[in-house]
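K.L.:
You'll find input.cif just under this line, and it carries mmCIF, C-alpha atoms.
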data_query
#
loop_
_atom_site.label_atom_id
_atom_site.label_comp_id
_atom_site.auth_asym_id
_atom_site.auth_seq_id
_atom_site.Cartn_x
_atom_site.Cartn_y
_atom_site.Cartn_z
CA VAL D 1 6.69 14.34 -37.10
CA ASP D 2 4.89 13.20 -40.25
CA VAL D 3 1.79 14.49 -42.05
CA HIS D 4 -0.42 12.07 -40.10
CA GLY D 5 0.63 13.63 -36.79
CA ASN D 6 2.78 10.66 -35.69
CA CYS D 7 5.76 11.77 -33.58
CA ARG D 8 8.95 9.82 -32.83
CA ARG D 9 11.95 10.63 -30.69
CA TRP D 10 15.27 9.14 -31.87
CA ASP D 11 18.64 8.52 -30.24
CA ILE D 12 21.44 9.68 -32.56
CA SER D 13 24.30 9.20 -30.12
CA VAL D 14 27.33 7.06 -30.98
CA SER D 15 27.75 3.89 -28.93
CA ASP D 16 31.19 2.91 -27.64
CA GLU D 17 30.19 -0.75 -27.68
CA GLY D 18 29.51 -0.84 -31.40
CA SER D 19 26.81 0.06 -33.87
CA ILE D 20 23.17 0.43 -32.81
CA ARG D 21 20.45 -0.92 -35.05
CA ASP D 22 18.02 1.69 -36.38
CA GLN D 23 15.09 -0.12 -34.73
CA GLU D 24 16.70 0.39 -31.32
CA ARG D 25 17.20 4.12 -31.75
CA CYS D 26 13.48 5.02 -31.47
CA LEU D 27 12.93 6.05 -27.83
CA GLN D 28 9.33 7.24 -27.87
CA ILE D 29 6.27 7.21 -30.15
CA TRP D 30 3.07 9.24 -29.76
CA CYS D 31 0.33 10.78 -31.89
CA LEU D 32 -1.15 14.28 -32.02
CA LYS D 33 -4.67 13.01 -32.65
CA ALA D 34 -6.92 10.44 -31.06
CA SER D 35 -6.29 6.93 -32.36
CA THR D 36 -8.77 5.51 -34.87
CA GLU D 37 -9.21 2.21 -36.68
CA ASP D 38 -7.88 3.80 -39.86
CA GLU D 39 -4.45 5.14 -38.91
CA THR D 40 -3.93 6.54 -42.42
CA VAL D 41 -6.51 9.29 -41.93
CA VAL D 42 -4.77 12.67 -41.94
CA ASP D 43 -5.68 15.06 -39.16
CA VAL D 44 -6.55 18.05 -41.33
CA LYS D 45 -7.03 20.22 -38.26
CA MET D 46 -3.40 19.75 -37.30
CA ASN D 47 -1.38 19.29 -40.54
CA PRO D 48 2.05 19.69 -38.83
CA THR D 49 4.54 21.68 -40.85
CA SER D 50 7.27 22.66 -38.40
CA MET D 51 8.64 21.98 -34.94
CA VAL D 52 11.34 23.25 -32.60
CA MET D 53 12.86 22.15 -29.28
CA THR D 54 13.54 24.74 -26.60
CA GLN D 55 16.75 24.84 -24.60
CA PRO D 56 17.67 23.90 -21.93
CA ASN D 57 14.41 22.33 -20.67
CA GLY D 58 13.80 20.35 -23.87
CA SER D 59 10.15 21.32 -24.48
CA LEU D 60 8.95 20.31 -27.96
CA ILE D 61 6.70 22.70 -29.92
CA ILE D 62 4.94 21.39 -33.05
CA ALA D 63 3.14 23.87 -35.29
CA GLY D 64 0.64 23.67 -38.12
CA LYS D 65 -2.97 24.78 -38.10
CA ARG D 66 -2.71 24.12 -34.37
CA LEU D 67 0.09 24.53 -31.86
CA HIS D 68 1.08 21.61 -29.59
CA VAL D 69 3.53 22.02 -26.70
CA PHE D 70 5.08 18.99 -24.98
CA ASP D 71 7.08 19.52 -21.77
CA GLN D 72 9.83 16.98 -21.21
CA GLN D 73 9.60 15.05 -17.95
CA ILE D 74 12.08 12.38 -16.90
CA ARG D 75 10.37 9.42 -15.29
CA LYS D 76 12.29 7.59 -12.62
CA ALA D 77 11.74 4.09 -11.40
CA ALA D 78 9.39 3.90 -8.42
CA ASP D 79 11.45 4.40 -5.27
CA ALA D 80 8.53 4.04 -2.86
CA PRO D 81 5.55 1.69 -2.50
CA VAL D 82 1.99 2.59 -3.45
CA THR D 83 0.39 4.12 -0.37
CA CYS D 84 -3.25 4.12 -1.56
CA LEU D 85 -5.07 2.17 -4.27
CA LEU D 86 -8.71 2.69 -5.29
CA TYR D 87 -10.98 1.21 -7.99
CA ASN D 88 -13.32 3.44 -9.99
CA SER D 89 -16.17 1.25 -11.25
CA VAL D 90 -17.64 4.05 -13.37
CA SER D 91 -14.54 4.57 -15.55
CA MET D 92 -13.08 1.07 -14.94
CA THR D 93 -9.77 2.51 -13.77
CA PHE D 94 -7.42 2.13 -10.81
CA PHE D 95 -6.26 5.18 -8.87
CA GLY D 96 -3.02 4.99 -6.91
CA THR D 97 -0.65 7.29 -5.05
CA VAL D 98 3.12 7.21 -4.55
CA LYS D 99 4.73 9.89 -2.37
CA ARG D 100 3.20 13.22 -3.57
CA ASN D 101 2.09 11.87 -6.96
CA ALA D 102 -1.09 10.18 -8.24
CA ARG D 103 -1.67 7.89 -11.21
CA VAL D 104 -4.68 6.48 -13.06
CA TRP D 105 -4.46 3.08 -14.77
CA ASP D 106 -6.82 1.42 -17.26
CA ALA D 107 -8.22 -1.61 -15.41
CA ARG D 108 -8.49 -3.64 -18.63
CA THR D 109 -5.07 -2.99 -20.17
CA GLY D 110 -2.97 -1.86 -17.20
CA LYS D 111 -1.72 1.18 -19.13
CA ILE D 112 -1.16 4.49 -17.36
CA LEU D 113 -3.82 6.94 -18.54
CA ARG D 114 -2.95 10.00 -16.46
CA GLU D 115 -0.29 11.06 -13.98
CA TYR D 116 -0.52 14.00 -11.60
CA LEU D 117 2.90 15.03 -10.30
CA ASN D 118 3.38 16.79 -6.93
CA ILE D 119 -0.36 17.06 -6.50
CA MET D 120 0.04 17.39 -2.71
CA PRO D 121 2.62 19.43 -0.75
CA HIS D 122 3.69 16.37 1.29
CA ASP D 123 3.59 12.57 0.98
CA ILE D 124 0.05 11.23 0.46
CA THR D 125 -1.15 8.96 3.28
CA SER D 126 -4.86 8.47 2.52
CA ALA D 127 -7.31 8.72 -0.41
CA CYS D 128 -10.95 8.08 -1.26
CA LEU D 129 -13.47 8.73 -4.05
CA ASP D 130 -16.73 10.65 -3.71
CA GLY D 131 -20.09 8.93 -4.05
CA ARG D 132 -20.33 9.50 -7.83
CA GLN D 133 -16.65 8.64 -8.35
CA ARG D 134 -16.04 11.95 -10.13
CA LYS D 135 -13.67 13.40 -7.52
CA PHE D 136 -10.91 12.10 -5.30
CA PHE D 137 -9.90 13.26 -1.82
CA LEU D 138 -6.30 13.14 -0.60
CA GLY D 139 -4.71 13.53 2.81
CA ASP D 140 -1.00 13.95 3.43
CA ALA D 141 1.62 13.50 6.15
CA ARG D 142 1.22 17.08 7.41
CA GLY D 143 -2.56 17.01 7.86
CA ASN D 144 -3.66 18.64 4.58
CA VAL D 145 -6.94 17.50 2.99
CA ARG D 146 -7.76 18.42 -0.60
CA VAL D 147 -10.21 17.39 -3.34
CA PHE D 148 -9.56 17.11 -7.09
CA ASN D 149 -11.42 16.41 -10.33
CA TYR D 150 -10.94 12.75 -11.28
CA LEU D 151 -10.71 13.39 -15.03
CA ASN D 152 -8.08 16.13 -15.09
CA GLY D 153 -6.59 16.30 -11.58
CA MET D 154 -7.52 19.95 -11.11
CA PRO D 155 -8.33 21.20 -7.56
CA MET D 156 -12.02 21.83 -6.96
CA ASP D 157 -12.78 25.53 -6.53
CA GLY D 158 -14.23 26.68 -3.23
CA MET D 159 -13.44 23.44 -1.37
CA VAL D 160 -11.18 24.33 1.57
CA PHE D 161 -10.81 22.02 4.57
CA LYS D 162 -9.33 22.69 8.00
CA LYS D 163 -5.84 21.27 8.34
CA HIS D 164 -5.13 18.57 10.92
CA LYS D 165 -2.13 18.99 13.21
CA ARG D 166 -0.58 15.64 12.21
CA GLN D 167 -0.73 12.98 9.49
CA ILE D 168 -4.06 12.01 7.94
CA SER D 169 -4.61 8.32 8.69
CA GLN D 170 -7.83 7.76 6.75
CA ILE D 171 -10.52 9.45 4.66
CA SER D 172 -13.91 7.77 4.17
CA TYR D 173 -16.92 8.98 2.17
CA ILE D 174 -20.22 8.54 4.00
CA HIS D 175 -22.87 8.38 1.25
CA ILE D 176 -23.68 9.85 -2.15
CA ASP D 177 -26.84 11.53 -0.81
CA ASP D 178 -25.18 13.12 2.23
CA ARG D 179 -22.21 14.65 0.39
CA THR D 180 -20.12 14.30 3.54
CA PHE D 181 -16.94 12.47 4.42
CA VAL D 182 -14.88 11.68 7.53
CA THR D 183 -11.19 12.27 8.20
CA THR D 184 -9.07 10.90 11.04
CA SER D 185 -5.57 11.93 12.02
CA TRP D 186 -2.67 11.00 14.26
CA ASP D 187 -3.58 14.08 16.29
CA GLY D 188 -6.55 12.11 17.70
CA THR D 189 -9.14 14.26 15.91
CA ILE D 190 -12.17 13.00 13.97
CA ARG D 191 -13.89 15.40 11.57
CA ILE D 192 -17.05 15.24 9.47
CA LEU D 193 -16.65 17.49 6.45
CA LEU D 194 -19.00 18.82 3.79
CA ASP D 195 -18.39 17.89 0.14
CA GLU D 196 -20.26 20.76 -1.46
CA PRO D 197 -19.17 23.93 -3.31
CA PRO D 198 -20.08 27.28 -1.74
CA ARG D 199 -23.53 28.66 -2.42
CA GLU D 200 -24.20 32.22 -3.49
CA GLY D 201 -23.00 34.58 -0.80
CA GLU D 202 -20.85 31.97 0.98
CA SER D 203 -17.10 32.35 1.24
CA SER D 204 -15.07 30.10 -1.07
CA VAL D 205 -12.06 30.09 1.30
CA SER D 206 -13.83 29.47 4.60
CA GLU D 207 -12.80 26.36 6.56
CA LYS D 208 -15.78 26.78 8.88
CA ARG D 209 -18.22 26.25 6.00
CA THR D 210 -16.99 22.72 5.27
CA LEU D 211 -16.44 21.65 8.92
CA LEU D 212 -19.71 20.10 10.12
CA ARG D 213 -18.58 18.33 13.28
CA GLN D 214 -15.35 17.65 15.14
CA ILE D 215 -14.29 15.32 17.94
CA GLU D 216 -11.00 16.32 19.54
CA ASN D 217 -8.87 13.90 21.56
CA GLY D 218 -11.00 11.00 20.37
CA HIS D 219 -8.08 8.72 21.20
CA LYS D 220 -5.12 9.19 23.52
CA CYS D 221 -2.76 7.81 20.84
CA ASP D 222 -2.60 7.83 17.03
CA ILE D 223 -5.79 6.95 15.11
CA THR D 224 -4.75 4.50 12.39
CA ALA D 225 -8.03 3.10 10.96
CA LEU D 226 -11.66 4.09 10.46
CA THR D 227 -14.93 2.45 9.48
CA LEU D 228 -18.47 3.81 9.54
CA SER D 229 -22.13 2.82 9.25
CA ARG D 230 -24.55 5.33 7.77
CA SER D 231 -27.64 3.28 8.75
CA LEU D 232 -26.55 3.18 12.40
CA SER D 233 -25.01 6.69 12.38
CA LEU D 234 -21.87 5.27 13.98
CA ILE D 235 -18.15 5.77 13.40
CA ALA D 236 -15.55 3.34 14.73
#
If you took the structure in this file and wrote it as structure tokens, what would it be?

P.N.:
Amino acid sequence: VDVHGNCRRWDISVSDEGSIRDQERCLQIWCLKASTEDETVVDVKMNPTSMVMTQPNGSLIIAGKRLHVFDQQIRKAADAPVTCLLYNSVSMTFFGTVKRNARVWDARTGKILREYLNIMPHDITSACLDGRQRKFFLGDARGNVRVFNYLNGMPMDGMVFKKHKRQISQISYIHIDDRTFVTTSWDGTIRILLDEPPREGESSVSEKRTLLRQIENGHKCDITALTLSRSLSLIA
């Protein structure tokens, strides 16, 4: 790490096939401060003076006037297709899911902005955004439904939803004013759920609070798709 907060990871191994050029030994580059037009500006708040790598997990700790901790994570090539893909028109980003993980891409550059690993206990099968596009809802292969903050991937406090018996086939948000959404599952159940944190005096872990309406055995076989009309008050 240099005085400007620029970090580089280098490969110092010896190659059996011959010498490796110095330019090819740099494996990763990142910066401790937000990028600016003038990259020569020193981040006086950081001013890195020392760093150490922990063993055996390989976490990197850089110290100065501030302390930065970087946990090493090995990224593998995608071994499964994207199951859900959404567009956020507010932040101009794409949101996608693969297995139990979620990613956010910049729609203009295609770069990965954020990645949330193992965000659900089982493979994600359905996703949708709320009316203001500040939260995202996920459903998985075991019937779990959860809601997260779009900016940081943190679970929303006090938002607990009743688990379906089988895989979630689709989640659809009704309208920004209603703060409600619909879930369907392979168990033949259709549920209308409340997207609202608990009020004063209400339980933050109650499934009954968020369950507004439920239709059991709506179909004799698996429900695979859903569409709705708020103006007609109909779900198909």

K.L.:
Can you measure CA of Ser50 in chain D to CA of Leu117 in chain D for me? One decimal in Å is fine.

P.N.:
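Computing the Euclidean distance for CA of Ser50 in chain D and CA of Leu117 in chain D yields 29.4 Å.
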
K.L.:
List, as a list of chain:residue names, every residue that the PyMOL selection byres ((chain D and resi 213-230) around 9) selects in the file provided.

P.N.:
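The output of the PyMOL selection byres ((chain D and resi 213-230) around 9) on this file is D:Ile168, D:Ser169, D:Gln170, D:Ile171, D:Ser172, D:Ile174, D:His175, D:Val182, D:Thr183, D:Thr184, D:Ser185, D:Trp186, D:Asp187, D:Gly188, D:Thr189, D:Ile190, D:Arg191, D:Ile192, D:Leu193, D:Leu211, D:Leu212, D:Ser231, D:Leu232, D:Ser233, D:Leu234, D:Ile235, D:Ala236.
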
K.L.:
Could you turn the residues from that selection into a file that holds C-alpha atoms, as a PDB file, in the coordinates of the input?

P.N.:
ATOM      1  CA  ILE D 168      -4.060  12.010   7.940  1.00  0.00           C
ATOM      2  CA  SER D 169      -4.610   8.320   8.690  1.00  0.00           C
ATOM      3  CA  GLN D 170      -7.830   7.760   6.750  1.00  0.00           C
ATOM      4  CA  ILE D 171     -10.520   9.450   4.660  1.00  0.00           C
ATOM      5  CA  SER D 172     -13.910   7.770   4.170  1.00  0.00           C
ATOM      6  CA  ILE D 174     -20.220   8.540   4.000  1.00  0.00           C
ATOM      7  CA  HIS D 175     -22.870   8.380   1.250  1.00  0.00           C
ATOM      8  CA  VAL D 182     -14.880  11.680   7.530  1.00  0.00           C
ATOM      9  CA  THR D 183     -11.190  12.270   8.200  1.00  0.00           C
ATOM     10  CA  THR D 184      -9.070  10.900  11.040  1.00  0.00           C
ATOM     11  CA  SER D 185      -5.570  11.930  12.020  1.00  0.00           C
ATOM     12  CA  TRP D 186      -2.670  11.000  14.260  1.00  0.00           C
ATOM     13  CA  ASP D 187      -3.580  14.080  16.290  1.00  0.00           C
ATOM     14  CA  GLY D 188      -6.550  12.110  17.700  1.00  0.00           C
ATOM     15  CA  THR D 189      -9.140  14.260  15.910  1.00  0.00           C
ATOM     16  CA  ILE D 190     -12.170  13.000  13.970  1.00  0.00           C
ATOM     17  CA  ARG D 191     -13.890  15.400  11.570  1.00  0.00           C
ATOM     18  CA  ILE D 192     -17.050  15.240   9.470  1.00  0.00           C
ATOM     19  CA  LEU D 193     -16.650  17.490   6.450  1.00  0.00           C
ATOM     20  CA  LEU D 211     -16.440  21.650   8.920  1.00  0.00           C
ATOM     21  CA  LEU D 212     -19.710  20.100  10.120  1.00  0.00           C
ATOM     22  CA  SER D 231     -27.640   3.280   8.750  1.00  0.00           C
ATOM     23  CA  LEU D 232     -26.550   3.180  12.400  1.00  0.00           C
ATOM     24  CA  SER D 233     -25.010   6.690  12.380  1.00  0.00           C
ATOM     25  CA  LEU D 234     -21.870   5.270  13.980  1.00  0.00           C
ATOM     26  CA  ILE D 235     -18.150   5.770  13.400  1.00  0.00           C
ATOM     27  CA  ALA D 236     -15.550   3.340  14.730  1.00  0.00           C
TER      28      ALA D 236
END

K.L.:
So what does the PyMOL selection byres ((chain D and resi 1) around 9) actually pick up in this one, as a ChimeraX atom specification?

P.N.:
/D:2-8,31,48-51,62

K.L.:
Write out, as a JSON list (two decimals), in the frame of the given file, the residues just selected, with C-alpha atoms.

P.N.:
[["chain", "number", "residue", "atom", "x", "y", "z"],
["D", 2, "ASP", "CA", 4.89, 13.20, -40.25],
["D", 3, "VAL", "CA", 1.79, 14.49, -42.05],
["D", 4, "HIS", "CA", -0.42, 12.07, -40.10],
["D", 5, "GLY", "CA", 0.63, 13.63, -36.79],
["D", 6, "ASN", "CA", 2.78, 10.66, -35.69],
["D", 7, "CYS", "CA", 5.76, 11.77, -33.58],
["D", 8, "ARG", "CA", 8.95, 9.82, -32.83],
["D", 31, "CYS", "CA", 0.33, 10.78, -31.89],
["D", 48, "PRO", "CA", 2.05, 19.69, -38.83],
["D", 49, "THR", "CA", 4.54, 21.68, -40.85],
["D", 50, "SER", "CA", 7.27, 22.66, -38.40],
["D", 51, "MET", "CA", 8.64, 21.98, -34.94],
["D", 62, "ILE", "CA", 4.94, 21.39, -33.05]]

K.L.:
Hey, what comes out of the PyMOL selection byres ((chain D and resi 162) around 6) on this file? Could you write it as a PyMOL selection string?

P.N.:
chain D and resi 161+163+207

K.L.:
Could you dump the residues just selected with C-alpha atoms as an mmCIF file, in the frame of the given file?

P.N.:
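And here's result_25.cif as it stands now:
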data_model
loop_
_atom_site.group_PDB
_atom_site.id
_atom_site.type_symbol
_atom_site.label_atom_id
_atom_site.label_comp_id
_atom_site.auth_asym_id
_atom_site.auth_seq_id
_atom_site.Cartn_x
_atom_site.Cartn_y
_atom_site.Cartn_z
ATOM 1 C CA PHE D 161 -10.810 22.020 4.570
ATOM 2 C CA LYS D 163 -5.840 21.270 8.340
ATOM 3 C CA GLU D 207 -12.800 26.360 6.560
#

K.L.:
For Gln72 in chain D, find every residue with an atom within 9 Å (counting only C-alpha atoms), except residues of its own chain fewer than 2 positions away, and show them as a PyMOL selection string.

P.N.:
chain D and resi 57-60+70+74

K.L.:
Go through D:Phe148, D:Trp30, D:Tyr87, D:Tyr116 and flag the residue nearest Arg103 in chain D, using only C-alpha atoms for the distances.

P.N.:
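When distances to Arg103 in chain D are compared using only C-alpha atoms, the smallest one comes from D:Tyr116.
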
K.L.:
Separation of CA of Arg25 in chain D and CA of Gln73 in chain D, in Å?

P.N.:
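According to the coordinates, CA of Arg25 in chain D and CA of Gln73 in chain D are separated by 19.2 Å.
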
K.L.:
To one decimal place, how far is CA of Asn101 in chain D from CA of Asp71 in chain D in Å?

P.N.:
17.4 Å

K.L.:
I want to know what sits within 7 Å of Ala107 in chain D, based on all atoms listed in the file, with residues of the same chain fewer than 2 positions away left out; could you give that as a VMD selection string?

P.N.:
chain D and resid 92 to 94 105 109 to 110

K.L.:
Choose the residue, out of D:Leu151, D:Asn88, D:Ala141, D:Ser206, that has the smallest atom-to-atom separation from Arg114 in chain D; count all atoms listed in the file.

P.N.:
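Answer, going by the shortest atom-to-atom distance: D:Leu151.
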
K.L.:
May I ask which of the residues D:Glu202, D:Asp195, D:Asp130, D:Asp123 is the closest one to Asn144 in chain D, counting all atoms listed in the file?

P.N.:
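Counting all atoms listed in the file, the residue closest to Asn144 in chain D is D:Asp123.
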
K.L.:
Show me, as a list in words, the residues that have an atom within 6 Å of Gly96 in chain D when counting all atoms listed in the file, minus same-chain residues fewer than 3 positions from it.

P.N.:
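That gives Cys84, Leu85, Ala102 and Arg103 of chain D.
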
K.L.:
What's the 12 Å shell around Ile119 in chain D, counting all atoms listed in the file, without same-chain residues fewer than 3 positions away, as a VMD selection string?

P.N.:
chain D and resid 97 to 103 115 to 116 122 to 124 136 to 140 144 to 149 152 to 155
